[in-house]
Amino acid sequence: MQLETVDRIIQQHHADKTALIAMLQDVQSEFTYLPQEALVYLSRTIEVPLSRAYSLATFYRAFSLKPKGRYSIAVCMGTACHVKAAVKILEKFERLLHIKTGQTTPDLNFGLEEVRCLGCCGLAPVVTVGPDLYGKVMLPKVDQIVKQYQKQGARDAKT
Ligand code: FES
């Protein structure tokens with residue numbers, strides 16, 4: 001873990017205790033999760049109780065204490081998506097990635113989770129990969145999505 005990165009984030013926020021949530025967001029976006037070492041260092045440096053950092057980290061769903069995949073796949077399981085066979089979509093991602101929902105691939109490339117209504121039910125079934133949204137996803141599209149991000153990951157790793 002690079003504590004210099006955490007240090008940089010702290011400096012960007014002028015070590016301001018009131019910016020703790022923003023700092024946690026930045027740490028999460030750098031590491032894809034909130035490493036324990038980072039939380040300890042952050043709370044010590046800006047002098048807030050570690051328990052405060054942990055309570056925020058566990059309260060907000062956007063934060064994770066476990067590594068998330070570089071590409072975080074979310075399959076909507078809200079009612080509209082559920083009736084359009086979202087379960088089969090989710091199962092196919094699990095089969096292709098060899099992980100269960102809630103897990104991350106060992107290479108940390110993909111994380112898989114189910115979410116409740118994403119607010120675009122007209123596009124059901126809906127899948128998001130990070131900021132990208134896919135609507136009316138059919139089973140063959142699942143293969144395409146995985147391949148697309150595997151390729152993108154390989155390209156990103158080279159640069
Ligand atoms: S139920 Fe899936 S987007 Fe609303």
# chains A, B, ... in the order shown; residues from 1 in each chain; ligands from 1
$ residues_around --residues "Gly102 in chain A" --least-positions-apart "3" --cutoff "9 Å" --atoms "only C-alpha atoms" --output "NGL selection string"
:A and (99 or 111-114)
$ residues_near_ligand --ligand "ligand 1" --cutoff "9 Å" --atoms "only C-alpha atoms and all ligand atoms" --output "compact mmCIF listing (two decimals) with N, CA and C atoms, in the first residue's frame"
# COMPACT_ATOMS: atom_id res chain seq x y z
N VAL A 75 -25.62 -5.95 -11.46
CA VAL A 75 -26.80 -6.43 -12.18
C VAL A 75 -28.01 -6.00 -11.37
N CYS A 76 -28.92 -5.29 -12.03
CA CYS A 76 -30.11 -4.82 -11.32
C CYS A 76 -31.07 -5.98 -11.08
N MET A 77 -31.51 -6.09 -9.83
CA MET A 77 -32.45 -7.15 -9.48
C MET A 77 -33.76 -6.54 -8.99
N GLY A 78 -34.00 -5.29 -9.37
CA GLY A 78 -35.28 -4.67 -9.04
C GLY A 78 -36.40 -5.41 -9.77
N THR A 79 -37.63 -5.07 -9.44
CA THR A 79 -38.77 -5.83 -9.96
C THR A 79 -38.80 -5.90 -11.50
N ALA A 80 -38.66 -4.74 -12.15
CA ALA A 80 -38.75 -4.72 -13.62
C ALA A 80 -37.65 -5.58 -14.24
N CYS A 81 -36.46 -5.53 -13.68
CA CYS A 81 -35.36 -6.33 -14.22
C CYS A 81 -35.54 -7.81 -13.86
N HIS A 82 -36.04 -8.03 -12.65
CA HIS A 82 -36.25 -9.41 -12.20
C HIS A 82 -37.20 -10.15 -13.14
N VAL A 83 -38.31 -9.49 -13.53
CA VAL A 83 -39.26 -10.18 -14.40
C VAL A 83 -38.70 -10.36 -15.82
N ALA A 86 -33.38 -11.15 -14.98
CA ALA A 86 -32.09 -10.65 -14.49
C ALA A 86 -31.31 -11.74 -13.74
N VAL A 115 -27.82 -5.13 -7.46
CA VAL A 115 -28.33 -3.88 -6.91
C VAL A 115 -29.84 -3.82 -7.10
N ARG A 116 -30.47 -2.93 -6.36
CA ARG A 116 -31.91 -2.72 -6.52
C ARG A 116 -32.11 -1.60 -7.53
N CYS A 117 -33.28 -1.45 -7.99
CA CYS A 117 -33.64 -0.54 -9.10
C CYS A 117 -32.66 0.61 -9.35
N LEU A 118 -32.17 0.66 -10.57
CA LEU A 118 -31.23 1.72 -10.97
C LEU A 118 -31.97 2.93 -11.55
N GLY A 119 -33.28 2.86 -11.55
CA GLY A 119 -34.07 4.01 -11.97
C GLY A 119 -34.27 4.13 -13.47
N CYS A 120 -34.00 3.08 -14.21
CA CYS A 120 -34.24 3.13 -15.67
C CYS A 120 -34.93 1.83 -16.08
N CYS A 121 -36.05 1.57 -15.43
CA CYS A 121 -36.76 0.29 -15.60
C CYS A 121 -37.18 0.03 -17.05
N GLY A 122 -37.38 1.10 -17.83
CA GLY A 122 -37.76 0.92 -19.23
C GLY A 122 -36.68 0.20 -20.02
N LEU A 123 -35.46 0.17 -19.47
CA LEU A 123 -34.34 -0.48 -20.16
C LEU A 123 -34.08 -1.89 -19.61
N ALA A 124 -34.96 -2.38 -18.76
CA ALA A 124 -34.74 -3.68 -18.11
C ALA A 124 -34.54 -4.82 -19.12
N PRO A 125 -33.68 -5.76 -18.81
CA PRO A 125 -32.81 -5.83 -17.63
C PRO A 125 -31.55 -4.97 -17.82
N VAL A 126 -31.12 -4.37 -16.71
CA VAL A 126 -30.04 -3.38 -16.76
C VAL A 126 -28.80 -3.89 -16.03
N VAL A 127 -27.66 -3.60 -16.63
CA VAL A 127 -26.35 -3.94 -16.04
C VAL A 127 -25.49 -2.68 -16.11
N GLY A 135 -28.55 -1.52 -21.26
CA GLY A 135 -29.96 -1.82 -21.10
C GLY A 135 -30.39 -2.94 -22.03
$ closest_residue --among "A:Val40, A:Thr32, A:Tyr60, A:Tyr134" --to "Phe110 in chain A" --atoms "only C-alpha atoms"
A:Thr32
$ residues_around --residues "range 43-58 of chain A" --least-positions-apart "2" --cutoff "7 Å" --atoms "only C-alpha atoms" --output "list in words"
Ala15, Asp16, Lys17, Leu39, Val40, Tyr41, Tyr60, Phe63 and Ser64 of chain A
$ select_by_dssp --residues "range 5-151 of chain A" --states "alpha helix (DSSP H)" --output "ChimeraX atom specification"
/A:5-12,20-31,36-45,50-59,79-83,86-97,139-151
$ atom_distance --atom1 "CA of Asp143 in chain A" --atom2 "CA of Ile73 in chain A"
12.9 Å
$ closest_atom_pairs --of "range 17-68 of chain A" --to "range 3-7 of chain A" --cutoff "9 Å" --atoms "only C-alpha atoms" --output "JSON lines"
{"residue": "A:Met23", "atom": "CA", "partner": "A:Val6", "partner_atom": "CA", "distance": 8.5}
{"residue": "A:Asp26", "atom": "CA", "partner": "A:Val6", "partner_atom": "CA", "distance": 8.7}
{"residue": "A:Val27", "atom": "CA", "partner": "A:Val6", "partner_atom": "CA", "distance": 6.6}
{"residue": "A:Glu30", "atom": "CA", "partner": "A:Thr5", "partner_atom": "CA", "distance": 8.0}
{"residue": "A:Glu37", "atom": "CA", "partner": "A:Leu3", "partner_atom": "CA", "distance": 8.3}
{"residue": "A:Ala38", "atom": "CA", "partner": "A:Val6", "partner_atom": "CA", "distance": 6.6}
{"residue": "A:Tyr41", "atom": "CA", "partner": "A:Leu3", "partner_atom": "CA", "distance": 7.7}
{"residue": "A:Leu42", "atom": "CA", "partner": "A:Val6", "partner_atom": "CA", "distance": 7.0}
{"residue": "A:Thr45", "atom": "CA", "partner": "A:Asp7", "partner_atom": "CA", "distance": 8.7}
$ write_last_selection --atoms "N, CA and C atoms" --output "compact mmCIF listing (two decimals), in the first residue's frame"
# COMPACT_ATOMS: atom_id res chain seq x y z
N MET A 23 -12.14 12.59 1.61
CA MET A 23 -10.85 11.89 1.60
C MET A 23 -11.07 10.39 1.44
N ASP A 26 -11.77 9.64 -2.10
CA ASP A 26 -10.56 9.67 -2.93
C ASP A 26 -9.69 8.42 -2.71
N VAL A 27 -9.60 7.99 -1.44
CA VAL A 27 -8.83 6.77 -1.15
C VAL A 27 -9.48 5.58 -1.86
N GLU A 30 -8.77 5.59 -5.52
CA GLU A 30 -7.37 5.21 -5.83
C GLU A 30 -7.14 3.71 -5.71
N GLU A 37 -4.81 -0.15 6.40
CA GLU A 37 -3.62 0.66 6.64
C GLU A 37 -3.90 2.14 6.29
N ALA A 38 -4.65 2.35 5.23
CA ALA A 38 -4.98 3.72 4.81
C ALA A 38 -5.88 4.38 5.84
N TYR A 41 -3.78 5.26 8.92
CA TYR A 41 -2.88 6.38 8.63
C TYR A 41 -3.66 7.69 8.54
N LEU A 42 -4.77 7.65 7.82
CA LEU A 42 -5.60 8.83 7.62
C LEU A 42 -6.13 9.36 8.96
N THR A 45 -3.30 10.85 11.02
CA THR A 45 -2.73 12.08 10.47
C THR A 45 -3.67 13.28 10.67
$ closest_residue --among "A:Gln2, A:Ile9, A:Tyr33, A:Val87" --to "Arg61 in chain A" --atoms "only C-alpha atoms"
A:Tyr33
$ decode --residues "range 33-114 of chain A" --atoms "C-alpha atoms" --output "CSV table (one decimal), in the first residue's frame"
chain,number,residue,atom,x,y,z
A,33,TYR,CA,-11.5,0.0,-1.6
A,34,LEU,CA,-10.5,1.4,1.8
A,35,PRO,CA,-7.4,-0.5,2.9
A,36,GLN,CA,-7.1,-0.8,6.7
A,37,GLU,CA,-3.6,0.7,6.6
A,38,ALA,CA,-5.0,3.7,4.8
A,39,LEU,CA,-7.8,4.2,7.4
A,40,VAL,CA,-5.3,4.0,10.3
A,41,TYR,CA,-2.9,6.4,8.6
A,42,LEU,CA,-5.6,8.8,7.6
A,43,SER,CA,-7.3,8.9,11.0
A,44,ARG,CA,-3.9,9.3,12.8
A,45,THR,CA,-2.7,12.1,10.5
A,46,ILE,CA,-5.9,14.2,10.6
A,47,GLU,CA,-6.5,13.3,14.2
A,48,VAL,CA,-10.0,11.8,14.0
A,49,PRO,CA,-10.8,8.6,15.9
A,50,LEU,CA,-10.3,5.5,13.8
A,51,SER,CA,-13.8,4.4,14.9
A,52,ARG,CA,-15.2,7.5,13.1
A,53,ALA,CA,-13.5,6.5,9.9
A,54,TYR,CA,-14.7,2.9,10.2
A,55,SER,CA,-18.3,4.0,11.0
A,56,LEU,CA,-18.4,6.1,7.8
A,57,ALA,CA,-16.7,3.3,5.8
A,58,THR,CA,-19.3,0.8,6.9
A,59,PHE,CA,-22.3,3.2,6.8
A,60,TYR,CA,-22.1,4.3,3.2
A,61,ARG,CA,-22.7,1.6,0.6
A,62,ALA,CA,-20.3,3.3,-1.8
A,63,PHE,CA,-17.4,2.4,0.5
A,64,SER,CA,-15.9,-1.0,0.7
A,65,LEU,CA,-13.4,-2.5,3.1
A,66,LYS,CA,-12.6,-5.3,0.7
A,67,PRO,CA,-10.9,-4.9,-2.6
A,68,LYS,CA,-13.3,-4.3,-5.5
A,69,GLY,CA,-12.6,-5.2,-9.0
A,70,ARG,CA,-11.3,-2.7,-11.4
A,71,TYR,CA,-14.5,-3.1,-13.3
A,72,SER,CA,-17.4,-3.3,-10.9
A,73,ILE,CA,-20.3,-5.1,-12.5
A,74,ALA,CA,-23.8,-4.5,-11.0
A,75,VAL,CA,-26.8,-6.4,-12.2
A,76,CYS,CA,-30.1,-4.8,-11.3
A,77,MET,CA,-32.5,-7.1,-9.5
A,78,GLY,CA,-35.3,-4.7,-9.0
A,79,THR,CA,-38.8,-5.8,-10.0
A,80,ALA,CA,-38.7,-4.7,-13.6
A,81,CYS,CA,-35.4,-6.3,-14.2
A,82,HIS,CA,-36.2,-9.4,-12.2
A,83,VAL,CA,-39.3,-10.2,-14.4
A,84,LYS,CA,-37.0,-9.8,-17.5
A,85,ALA,CA,-34.8,-12.7,-16.3
A,86,ALA,CA,-32.1,-10.6,-14.5
A,87,VAL,CA,-31.4,-13.8,-12.4
A,88,LYS,CA,-30.1,-15.6,-15.5
A,89,ILE,CA,-28.0,-12.6,-16.4
A,90,LEU,CA,-26.4,-12.6,-12.9
A,91,GLU,CA,-25.8,-16.4,-13.0
A,92,LYS,CA,-24.1,-16.0,-16.4
A,93,PHE,CA,-21.7,-13.4,-15.1
A,94,GLU,CA,-21.0,-15.7,-12.2
A,95,ARG,CA,-20.2,-18.6,-14.5
A,96,LEU,CA,-18.1,-16.6,-16.9
A,97,LEU,CA,-16.1,-14.9,-14.1
A,98,HIS,CA,-15.9,-18.0,-11.8
A,99,ILE,CA,-17.1,-15.9,-8.8
A,100,LYS,CA,-20.2,-15.6,-6.8
A,101,THR,CA,-22.2,-12.3,-6.4
A,102,GLY,CA,-20.4,-10.1,-3.9
A,103,GLN,CA,-17.0,-11.5,-4.8
A,104,THR,CA,-14.1,-10.1,-6.8
A,105,THR,CA,-12.0,-12.1,-9.3
A,106,PRO,CA,-8.5,-13.1,-8.0
A,107,ASP,CA,-6.9,-10.8,-10.5
A,108,LEU,CA,-9.0,-7.9,-9.1
A,109,ASN,CA,-10.3,-7.1,-12.6
A,110,PHE,CA,-14.0,-7.8,-11.9
A,111,GLY,CA,-16.3,-7.4,-9.0
A,112,LEU,CA,-19.9,-8.6,-9.2
A,113,GLU,CA,-22.8,-7.4,-7.2
A,114,GLU,CA,-26.6,-7.2,-7.4
